[in-house]
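Peer 1: I am sharing target-v2.cif, which consists of mmCIF, C-alpha atoms and all ligand atoms:
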```cif
data_run
loop_
_atom_site.group_PDB
_atom_site.id
_atom_site.type_symbol
_atom_site.label_atom_id
_atom_site.label_comp_id
_atom_site.auth_asym_id
_atom_site.auth_seq_id
_atom_site.Cartn_x
_atom_site.Cartn_y
_atom_site.Cartn_z
ATOM 1 C CA MET L 129 0.000 0.000 0.000
ATOM 2 C CA LYS L 130 1.411 3.360 -1.051
ATOM 3 C CA VAL L 131 -0.180 6.661 -0.114
ATOM 4 C CA LEU L 132 0.325 10.192 -1.431
ATOM 5 C CA VAL L 133 -0.707 13.191 0.629
ATOM 6 C CA THR L 134 -0.875 16.284 -1.522
ATOM 7 C CA TYR L 135 -2.240 19.683 -0.647
ATOM 8 C CA TYR L 136 -2.614 23.292 -1.598
ATOM 9 C CA THR L 137 -2.356 25.890 1.155
ATOM 10 C CA GLN L 138 -2.371 29.652 0.961
ATOM 11 C CA THR L 139 -1.998 30.654 4.605
ATOM 12 C CA GLY L 140 -0.804 27.394 6.192
ATOM 13 C CA ASN L 141 -4.006 25.957 7.706
ATOM 14 C CA THR L 142 -4.432 23.148 5.181
ATOM 15 C CA GLY L 143 -0.684 22.536 5.312
ATOM 16 C CA LYS L 144 -0.983 21.911 9.055
ATOM 17 C CA VAL L 145 -3.790 19.385 8.526
ATOM 18 C CA ALA L 146 -1.817 17.802 5.667
ATOM 19 C CA LYS L 147 1.100 17.201 8.029
ATOM 20 C CA ALA L 148 -1.222 15.535 10.572
ATOM 21 C CA VAL L 149 -2.736 13.429 7.783
ATOM 22 C CA TYR L 150 0.715 12.381 6.608
ATOM 23 C CA GLU L 151 1.872 11.519 10.115
ATOM 24 C CA ALA L 152 -1.182 9.328 10.676
ATOM 25 C CA VAL L 153 -0.565 7.199 7.581
ATOM 26 C CA ASN L 154 0.994 3.929 8.738
ATOM 27 C CA VAL L 155 2.035 2.505 5.365
ATOM 28 C CA GLN L 156 4.502 3.661 2.667
ATOM 29 C CA LYS L 157 3.843 7.367 2.148
ATOM 30 C CA GLU L 158 4.862 10.649 0.577
ATOM 31 C CA ILE L 159 3.797 14.237 1.145
ATOM 32 C CA LEU L 160 4.061 16.908 -1.549
ATOM 33 C CA PRO L 161 2.560 20.316 -2.230
ATOM 34 C CA VAL L 162 0.298 19.910 -5.252
ATOM 35 C CA SER L 163 2.636 22.015 -7.427
ATOM 36 C CA GLU L 164 5.432 19.463 -6.864
ATOM 37 C CA VAL L 165 3.634 16.235 -7.759
ATOM 38 C CA LYS L 166 5.193 14.767 -10.899
ATOM 39 C CA ALA L 167 4.452 11.088 -11.377
ATOM 40 C CA LEU L 168 0.997 9.905 -10.428
ATOM 41 C CA ALA L 169 1.256 6.211 -11.077
ATOM 42 C CA GLY L 170 1.451 3.624 -8.345
ATOM 43 C CA TYR L 171 -0.438 5.232 -5.479
ATOM 44 C CA ASP L 172 -3.154 3.112 -3.918
ATOM 45 C CA LEU L 173 -4.649 6.151 -2.227
ATOM 46 C CA VAL L 174 -4.238 9.893 -2.754
ATOM 47 C CA PHE L 175 -5.273 12.390 -0.072
ATOM 48 C CA CYS L 176 -6.028 15.793 -1.622
ATOM 49 C CA GLY L 177 -6.196 18.769 0.741
ATOM 50 C CA PHE L 178 -7.355 22.290 -0.065
ATOM 51 C CA PRO L 179 -8.747 25.462 1.499
ATOM 52 C CA VAL L 180 -12.340 26.216 0.547
ATOM 53 C CA GLN L 181 -12.198 29.345 -1.583
ATOM 54 C CA ALA L 182 -15.294 31.099 -2.898
ATOM 55 C CA HIS L 183 -17.376 28.022 -1.930
ATOM 56 C CA SER L 184 -15.280 25.761 -4.081
ATOM 57 C CA VAL L 185 -11.980 23.995 -4.746
ATOM 58 C CA PRO L 186 -9.072 26.360 -5.602
ATOM 59 C CA GLY L 187 -7.986 26.158 -9.236
ATOM 60 C CA LYS L 188 -4.609 24.533 -8.545
ATOM 61 C CA MET L 189 -6.205 21.595 -6.725
ATOM 62 C CA ALA L 190 -9.113 21.384 -9.174
ATOM 63 C CA GLU L 191 -6.650 21.014 -12.057
ATOM 64 C CA PHE L 192 -4.720 18.338 -10.182
ATOM 65 C CA ILE L 193 -7.829 16.285 -9.390
ATOM 66 C CA LYS L 194 -8.660 16.257 -13.106
ATOM 67 C CA THR L 195 -5.260 14.697 -13.902
ATOM 68 C CA LEU L 196 -5.669 11.704 -11.572
ATOM 69 C CA PRO L 197 -5.920 8.350 -13.368
ATOM 70 C CA LYS L 198 -9.389 6.863 -13.838
ATOM 71 C CA GLY L 199 -10.451 4.722 -10.889
ATOM 72 C CA GLN L 200 -7.844 6.275 -8.534
ATOM 73 C CA LYS L 201 -8.876 5.999 -4.886
ATOM 74 C CA VAL L 202 -8.920 9.464 -3.337
ATOM 75 C CA ALA L 203 -9.900 11.082 -0.049
ATOM 76 C CA PHE L 204 -10.468 14.807 0.317
ATOM 77 C CA PHE L 205 -9.689 17.055 3.256
ATOM 78 C CA ALA L 206 -10.336 20.755 3.459
ATOM 79 C CA THR L 207 -10.162 23.688 5.816
ATOM 80 C CA HIS L 208 -12.737 26.451 5.723
ATOM 81 C CA GLY L 209 -13.667 29.548 7.683
ATOM 82 C CA SER L 210 -17.369 28.710 7.768
ATOM 83 C CA LEU L 211 -19.058 26.503 10.357
ATOM 84 C CA ARG L 212 -18.606 22.749 10.161
ATOM 85 C CA GLY L 213 -21.400 20.612 8.847
ATOM 86 C CA GLY L 214 -23.132 23.508 7.129
ATOM 87 C CA GLN L 215 -24.148 24.105 3.559
ATOM 88 C CA LEU L 216 -21.047 26.193 2.754
ATOM 89 C CA PRO L 217 -18.308 23.581 3.194
ATOM 90 C CA ARG L 218 -20.631 20.899 1.790
ATOM 91 C CA GLN L 219 -20.818 22.835 -1.447
ATOM 92 C CA ALA L 220 -17.028 22.714 -1.830
ATOM 93 C CA PHE L 221 -16.929 18.944 -1.246
ATOM 94 C CA GLU L 222 -19.661 18.552 -3.855
ATOM 95 C CA SER L 223 -17.479 20.491 -6.314
ATOM 96 C CA ALA L 224 -14.555 18.207 -5.499
ATOM 97 C CA ALA L 225 -16.738 15.134 -6.031
ATOM 98 C CA SER L 226 -17.930 16.391 -9.396
ATOM 99 C CA LEU L 227 -14.307 16.900 -10.496
ATOM 100 C CA ALA L 228 -13.664 13.320 -9.345
ATOM 101 C CA ALA L 229 -16.497 11.677 -11.281
ATOM 102 C CA ASN L 230 -14.072 9.088 -12.760
ATOM 103 C CA LEU L 231 -12.310 8.449 -9.453
ATOM 104 C CA LYS L 232 -13.214 6.446 -6.390
ATOM 105 C CA VAL L 233 -13.862 8.910 -3.577
ATOM 106 C CA LEU L 234 -13.484 7.077 -0.254
ATOM 107 C CA GLY L 235 -14.435 9.977 1.996
ATOM 108 C CA GLN L 236 -13.900 13.540 3.059
ATOM 109 C CA PHE L 237 -12.908 15.501 6.149
ATOM 110 C CA GLY L 238 -13.335 19.177 6.831
ATOM 111 C CA CYS L 239 -12.396 21.431 9.717
ATOM 112 C CA ARG L 240 -12.264 25.153 10.240
ATOM 113 C CA GLY L 241 -9.237 27.284 9.455
ATOM 114 C CA LYS L 242 -8.570 30.768 10.735
ATOM 115 C CA VAL L 243 -8.776 33.796 8.480
ATOM 116 C CA ASP L 244 -6.837 37.023 9.036
ATOM 117 C CA PRO L 245 -9.296 39.560 10.568
ATOM 118 C CA LYS L 246 -8.182 42.163 7.999
ATOM 119 C CA VAL L 247 -9.104 39.760 5.188
ATOM 120 C CA ILE L 248 -12.480 39.153 6.839
ATOM 121 C CA ASP L 249 -13.134 42.884 7.071
ATOM 122 C CA ALA L 250 -12.342 43.304 3.377
ATOM 123 C CA LEU L 251 -14.362 40.303 2.220
ATOM 124 C CA MET L 252 -17.396 41.201 4.342
ATOM 125 C CA LYS L 253 -17.910 44.100 1.949
ATOM 126 C CA LYS L 254 -18.359 41.733 -0.986
ATOM 127 C CA PRO L 255 -21.822 40.148 -1.231
ATOM 128 C CA GLU L 256 -20.474 36.826 -2.565
ATOM 129 C CA HIS L 257 -18.178 36.436 0.480
ATOM 130 C CA LYS L 258 -20.282 37.976 3.255
ATOM 131 C CA VAL L 259 -21.915 34.798 4.624
ATOM 132 C CA TRP L 260 -18.838 32.660 5.118
ATOM 133 C CA ALA L 261 -16.718 35.656 6.175
ATOM 134 C CA GLU L 262 -19.157 36.386 8.983
ATOM 135 C CA GLU L 263 -18.887 32.780 10.202
ATOM 136 C CA ALA L 264 -15.096 32.818 9.861
ATOM 137 C CA ARG L 265 -14.667 35.164 12.816
ATOM 138 C CA GLY L 266 -15.127 32.187 15.119
ATOM 139 C CA ALA L 267 -12.370 30.126 13.534
ATOM 140 C CA ASP L 268 -9.393 31.992 14.961
ATOM 141 C CA GLY L 269 -8.006 29.008 16.897
ATOM 142 C CA ASN L 270 -8.363 26.458 14.099
ATOM 143 C CA PRO L 271 -7.163 24.052 13.070
ATOM 144 C CA ASP L 272 -6.625 23.044 16.712
ATOM 145 C CA ALA L 273 -5.429 19.858 18.435
ATOM 146 C CA ALA L 274 -8.923 18.333 18.336
ATOM 147 C CA ASP L 275 -9.147 18.988 14.570
ATOM 148 C CA LEU L 276 -5.785 17.307 13.989
ATOM 149 C CA LYS L 277 -6.812 14.318 16.099
ATOM 150 C CA GLU L 278 -9.996 13.938 14.071
ATOM 151 C CA ALA L 279 -7.964 14.221 10.880
ATOM 152 C CA ALA L 280 -5.794 11.342 12.078
ATOM 153 C CA GLU L 281 -8.889 9.229 12.777
ATOM 154 C CA PHE L 282 -10.164 10.029 9.297
ATOM 155 C CA VAL L 283 -6.866 8.766 7.879
ATOM 156 C CA GLN L 284 -7.214 5.433 9.678
ATOM 157 C CA ALA L 285 -10.706 5.002 8.250
ATOM 158 C CA MET L 286 -9.619 5.916 4.717
ATOM 159 C CA VAL L 287 -6.548 3.651 4.705
ATOM 160 C CA GLY L 288 -8.751 0.829 6.019
ATOM 161 C CA LYS L 289 -11.218 1.416 3.194
ATOM 162 C CA ALA L 290 -8.461 1.501 0.555
ATOM 163 C CA TYR L 291 -7.412 -2.102 1.182
HETATM 164 C C1 LIG L 301 -9.952 34.513 -0.926
HETATM 165 C C2 LIG L 301 -10.519 33.613 0.125
HETATM 166 C C3 LIG L 301 -11.723 32.994 -0.103
HETATM 167 C C4 LIG L 301 -12.271 32.142 0.864
HETATM 168 N N1 LIG L 301 -13.477 31.564 0.626
HETATM 169 C C5 LIG L 301 -14.054 30.812 1.611
HETATM 170 C C6 LIG L 301 -15.347 30.234 1.419
HETATM 171 O O1 LIG L 301 -15.989 30.383 0.387
HETATM 172 N N2 LIG L 301 -15.871 29.500 2.423
HETATM 173 C C7 LIG L 301 -15.206 29.285 3.604
HETATM 174 O O2 LIG L 301 -15.747 28.617 4.463
HETATM 175 N N3 LIG L 301 -13.975 29.816 3.813
HETATM 176 C C8 LIG L 301 -13.380 30.552 2.843
HETATM 177 N N4 LIG L 301 -12.126 31.080 3.049
HETATM 178 C C9 LIG L 301 -11.402 30.768 4.295
HETATM 179 C C10 LIG L 301 -10.366 29.685 4.060
HETATM 180 O O3 LIG L 301 -10.962 28.546 3.456
HETATM 181 C C11 LIG L 301 -9.733 29.231 5.385
HETATM 182 O O4 LIG L 301 -9.142 30.296 6.048
HETATM 183 C C12 LIG L 301 -8.703 28.145 5.139
HETATM 184 O O5 LIG L 301 -8.373 27.511 6.360
HETATM 185 C C13 LIG L 301 -7.423 28.673 4.497
HETATM 186 O O6 LIG L 301 -6.558 27.589 4.308
HETATM 187 P P1 LIG L 301 -5.006 27.751 3.970
HETATM 188 O O7 LIG L 301 -4.393 28.423 5.173
HETATM 189 O O8 LIG L 301 -4.537 26.379 3.798
HETATM 190 O O9 LIG L 301 -4.888 28.593 2.748
HETATM 191 C C14 LIG L 301 -11.564 31.914 2.084
HETATM 192 C C15 LIG L 301 -10.335 32.551 2.297
HETATM 193 C C16 LIG L 301 -9.818 33.398 1.354
HETATM 194 C C17 LIG L 301 -8.510 34.086 1.631
#
```
Take the structure I supplied and represent it as structure tokens, if you would.
Peer 2:
Amino acid sequence: MKVLVTYYTQTGNTGKVAKAVYEAVNVQKEILPVSEVKALAGYDLVFCGFPVQAHSVPGKMAEFIKTLPKGQKVAFFATHGSLRGGQLPRQAFESAASLAANLKVLGQFGCRGKVDPKVIDALMKKPEHKVWAEEARGADGNPDAADLKEAAEFVQAMVGKAY
């Protein structure tokens, strides 16, 4: 069993979760920022991590997902400013799933990720960002230790499923 953990991170939150994901993998593994992935063959499972941006998957990760070989087993993880379990993060996972129509999606994990208050203030003025930006004010301690622990549990479940 060989696992790739790849991620895109703009401000470090998803990178932090990616590291916890990588550390929790107990088989042969690699971790690479999405811009550095070259060969895609030979992975039994690929974890793809991204920050939710504008309710969706950032372009760099979206492009990568489209290059994965047909039938590839994947698991998604994301960080987002909005509340967990709500419609906003769900929308981004639905976008990821639609990009992965030819892949085998084993599961997904999301947790909150802090947003710079100055960025929130700026984005609150834009109607398309107002709703999540308002929610993001409560994410200033995330991802936290509990988030990283849950991420590790998610990894165990996904690796189990990939066998
Ligand atoms: C330009 C921009 C757009 C964002 N859009 C959303 C969004 O639509 N929904 C959401 O919940 N969070 C949104 N966020 C918050 C990020 O998803 C969150 O802070 C995430 O943890 C950032 O991850 P990173 O540090 O790995 O880049 C946005 C942040 C930025 C800067």
Peer 1: Taking all atoms listed in the file and a cut-off of 7 Å, can you tell me which residues surround ligand LIG 301 (chain L), written as a PDB file with C-alpha atoms, in the frame of the given file?
Peer 2:
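Okay, result_17.pdb is ready:
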```pdb
ATOM      1  CA  TYR L 136      -2.614  23.292  -1.598  1.00  0.00           C
ATOM      2  CA  THR L 137      -2.356  25.890   1.155  1.00  0.00           C
ATOM      3  CA  GLN L 138      -2.371  29.652   0.961  1.00  0.00           C
ATOM      4  CA  THR L 139      -1.998  30.654   4.605  1.00  0.00           C
ATOM      5  CA  GLY L 140      -0.804  27.394   6.192  1.00  0.00           C
ATOM      6  CA  ASN L 141      -4.006  25.957   7.706  1.00  0.00           C
ATOM      7  CA  THR L 142      -4.432  23.148   5.181  1.00  0.00           C
ATOM      8  CA  GLY L 143      -0.684  22.536   5.312  1.00  0.00           C
ATOM      9  CA  PHE L 178      -7.355  22.290  -0.065  1.00  0.00           C
ATOM     10  CA  PRO L 179      -8.747  25.462   1.499  1.00  0.00           C
ATOM     11  CA  VAL L 180     -12.340  26.216   0.547  1.00  0.00           C
ATOM     12  CA  GLN L 181     -12.198  29.345  -1.583  1.00  0.00           C
ATOM     13  CA  ALA L 182     -15.294  31.099  -2.898  1.00  0.00           C
ATOM     14  CA  HIS L 183     -17.376  28.022  -1.930  1.00  0.00           C
ATOM     15  CA  SER L 184     -15.280  25.761  -4.081  1.00  0.00           C
ATOM     16  CA  THR L 207     -10.162  23.688   5.816  1.00  0.00           C
ATOM     17  CA  HIS L 208     -12.737  26.451   5.723  1.00  0.00           C
ATOM     18  CA  GLY L 209     -13.667  29.548   7.683  1.00  0.00           C
ATOM     19  CA  SER L 210     -17.369  28.710   7.768  1.00  0.00           C
ATOM     20  CA  LEU L 216     -21.047  26.193   2.754  1.00  0.00           C
ATOM     21  CA  PRO L 217     -18.308  23.581   3.194  1.00  0.00           C
ATOM     22  CA  ARG L 240     -12.264  25.153  10.240  1.00  0.00           C
ATOM     23  CA  GLY L 241      -9.237  27.284   9.455  1.00  0.00           C
ATOM     24  CA  LYS L 242      -8.570  30.768  10.735  1.00  0.00           C
ATOM     25  CA  VAL L 243      -8.776  33.796   8.480  1.00  0.00           C
ATOM     26  CA  VAL L 247      -9.104  39.760   5.188  1.00  0.00           C
ATOM     27  CA  HIS L 257     -18.178  36.436   0.480  1.00  0.00           C
ATOM     28  CA  TRP L 260     -18.838  32.660   5.118  1.00  0.00           C
ATOM     29  CA  ALA L 261     -16.718  35.656   6.175  1.00  0.00           C
ATOM     30  CA  ALA L 264     -15.096  32.818   9.861  1.00  0.00           C
TER      31      ALA L 264
END
```
Peer 1: Please report the interatomic distance between atom CA of L:Val185 and atom CA of L:Val287 in Å with one decimal.
Peer 2: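 One can read the atom CA of L:Val185 to atom CA of L:Val287 distance as 23.1 Å.
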Peer 1: Using only C-alpha atoms, which protein or nucleic acid residues come within 12 Å of L:Phe282? Drop anything in the same chain fewer than 3 positions from it, and give the result as a PyMOL selection string.
Peer 2: chain L and resi 145-146+148-150+152-153+175+203-205+234-239+275-279+285-289
Peer 1: Which residue, L:Val155, L:Val259, L:Ala190, L:Leu132, has the smallest gap to L:Ala169 when you use all atoms listed in the file?
Peer 2: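 Smallest distance to L:Ala169 is found for L:Leu132.
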Peer 1: Since I can't run it myself right now, could you work out what the PyMOL selection byres (((chain L and resi 174) around 9) and not hetatm) selects here and report it as a PyMOL selection string?
Peer 2: chain L and resi 130-134+171-173+175-176+200-204
Peer 1: Selection from above, C-alpha atoms, as a PDB file, keeping the file's coordinate frame, can you write it?
Peer 2:
```
ATOM      1  CA  LYS L 130       1.411   3.360  -1.051  1.00  0.00           C
ATOM      2  CA  VAL L 131      -0.180   6.661  -0.114  1.00  0.00           C
ATOM      3  CA  LEU L 132       0.325  10.192  -1.431  1.00  0.00           C
ATOM      4  CA  VAL L 133      -0.707  13.191   0.629  1.00  0.00           C
ATOM      5  CA  THR L 134      -0.875  16.284  -1.522  1.00  0.00           C
ATOM      6  CA  TYR L 171      -0.438   5.232  -5.479  1.00  0.00           C
ATOM      7  CA  ASP L 172      -3.154   3.112  -3.918  1.00  0.00           C
ATOM      8  CA  LEU L 173      -4.649   6.151  -2.227  1.00  0.00           C
ATOM      9  CA  PHE L 175      -5.273  12.390  -0.072  1.00  0.00           C
ATOM     10  CA  CYS L 176      -6.028  15.793  -1.622  1.00  0.00           C
ATOM     11  CA  GLN L 200      -7.844   6.275  -8.534  1.00  0.00           C
ATOM     12  CA  LYS L 201      -8.876   5.999  -4.886  1.00  0.00           C
ATOM     13  CA  VAL L 202      -8.920   9.464  -3.337  1.00  0.00           C
ATOM     14  CA  ALA L 203      -9.900  11.082  -0.049  1.00  0.00           C
ATOM     15  CA  PHE L 204     -10.468  14.807   0.317  1.00  0.00           C
TER      16      PHE L 204
END
```
Peer 1: For a test of reading the model, state the distance in Å between atom CA of L:Gly170 and atom CA of L:Leu196, rounded to one decimal.
Peer 2: 11.2 Å
Peer 1: In Å, rounded to a single decimal, give me how far atom CA of L:Met129 is from atom CA of L:Gln156.
Peer 2: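 Calculated distance between atom CA of L:Gln156 and atom CA of L:Met129 is 6.4 Å.
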Peer 1: Which is closer to L:Ala267 than all the others in L:Ile248, L:Ala290, L:Val165, L:Leu231, using only C-alpha atoms?
Peer 2: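 Looking only at the distances to L:Ala267, the closest residue turns out to be L:Ile248.
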Peer 1: Which is closer to L:Pro197 than all the others in L:Ala167, L:Ile159, L:Met252, L:Asn154, using only C-alpha atoms?
Peer 2: L:Ala167
Peer 1: Just need the box for stretch 257-261 of chain L, edges along x, y and z, holding every atom the file lists for it with 3 Å tacked onto each side, so centre and edge lengths in Å to one decimal, as JSON.
Peer 2:
```
{"center_x": -19.3, "center_y": 35.3, "center_z": 3.3, "size_x": 11.2, "size_y": 11.3, "size_z": 11.7}
```
Peer 1: Hey, which of L:Leu160, L:Asn230, L:Phe221, L:Asp244 ends up closest to L:Asn270? Count only C-alpha atoms.
Peer 2: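 The closest residue to L:Asn270 is L:Asp244.
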Peer 1: Using all atoms listed in the file, which residue out of L:Lys144, L:Arg265, L:Lys258, L:Lys194 lies closest to L:Leu211?
Peer 2: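 Of the candidates, the smallest distance to L:Leu211 is held by L:Arg265.
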Peer 1: Mind filling out stretch 210-223 of chain L with N, CA and C atoms and sending it as a PDB file, in the frame of the given file?
Peer 2:
```pdb
ATOM      1  N   SER L 210     -15.961  28.860   7.389  1.00  0.00           N
ATOM      2  CA  SER L 210     -17.369  28.710   7.768  1.00  0.00           C
ATOM      3  C   SER L 210     -17.557  27.581   8.769  1.00  0.00           C
ATOM      4  N   LEU L 211     -18.752  27.516   9.347  1.00  0.00           N
ATOM      5  CA  LEU L 211     -19.058  26.503  10.357  1.00  0.00           C
ATOM      6  C   LEU L 211     -19.016  25.101   9.772  1.00  0.00           C
ATOM      7  N   ARG L 212     -18.643  24.147  10.612  1.00  0.00           N
ATOM      8  CA  ARG L 212     -18.606  22.749  10.161  1.00  0.00           C
ATOM      9  C   ARG L 212     -20.013  22.209   9.972  1.00  0.00           C
ATOM     10  N   GLY L 213     -20.130  21.314   9.021  1.00  0.00           N
ATOM     11  CA  GLY L 213     -21.400  20.612   8.847  1.00  0.00           C
ATOM     12  C   GLY L 213     -22.456  21.421   8.118  1.00  0.00           C
ATOM     13  N   GLY L 214     -22.140  22.659   7.786  1.00  0.00           N
ATOM     14  CA  GLY L 214     -23.132  23.508   7.129  1.00  0.00           C
ATOM     15  C   GLY L 214     -23.127  23.350   5.615  1.00  0.00           C
ATOM     16  N   GLN L 215     -23.980  24.144   5.020  1.00  0.00           N
ATOM     17  CA  GLN L 215     -24.148  24.105   3.559  1.00  0.00           C
ATOM     18  C   GLN L 215     -22.886  24.599   2.838  1.00  0.00           C
ATOM     19  N   LEU L 216     -22.170  25.563   3.466  1.00  0.00           N
ATOM     20  CA  LEU L 216     -21.047  26.193   2.754  1.00  0.00           C
ATOM     21  C   LEU L 216     -19.897  25.220   2.477  1.00  0.00           C
ATOM     22  N   PRO L 217     -19.371  24.543   3.515  1.00  0.00           N
ATOM     23  CA  PRO L 217     -18.308  23.581   3.194  1.00  0.00           C
ATOM     24  C   PRO L 217     -18.803  22.409   2.346  1.00  0.00           C
ATOM     25  N   ARG L 218     -20.090  22.030   2.557  1.00  0.00           N
ATOM     26  CA  ARG L 218     -20.631  20.899   1.790  1.00  0.00           C
ATOM     27  C   ARG L 218     -20.565  21.178   0.290  1.00  0.00           C
ATOM     28  N   GLN L 219     -20.845  22.428  -0.037  1.00  0.00           N
ATOM     29  CA  GLN L 219     -20.818  22.835  -1.447  1.00  0.00           C
ATOM     30  C   GLN L 219     -19.438  22.601  -2.069  1.00  0.00           C
ATOM     31  N   ALA L 220     -18.387  22.895  -1.304  1.00  0.00           N
ATOM     32  CA  ALA L 220     -17.028  22.714  -1.830  1.00  0.00           C
ATOM     33  C   ALA L 220     -16.712  21.227  -2.017  1.00  0.00           C
ATOM     34  N   PHE L 221     -17.162  20.384  -1.080  1.00  0.00           N
ATOM     35  CA  PHE L 221     -16.929  18.944  -1.246  1.00  0.00           C
ATOM     36  C   PHE L 221     -17.727  18.398  -2.434  1.00  0.00           C
ATOM     37  N   GLU L 222     -18.892  18.983  -2.675  1.00  0.00           N
ATOM     38  CA  GLU L 222     -19.661  18.552  -3.855  1.00  0.00           C
ATOM     39  C   GLU L 222     -18.918  18.922  -5.134  1.00  0.00           C
ATOM     40  N   SER L 223     -18.288  20.099  -5.141  1.00  0.00           N
ATOM     41  CA  SER L 223     -17.479  20.491  -6.314  1.00  0.00           C
ATOM     42  C   SER L 223     -16.332  19.514  -6.502  1.00  0.00           C
TER      43      SER L 223
END
```
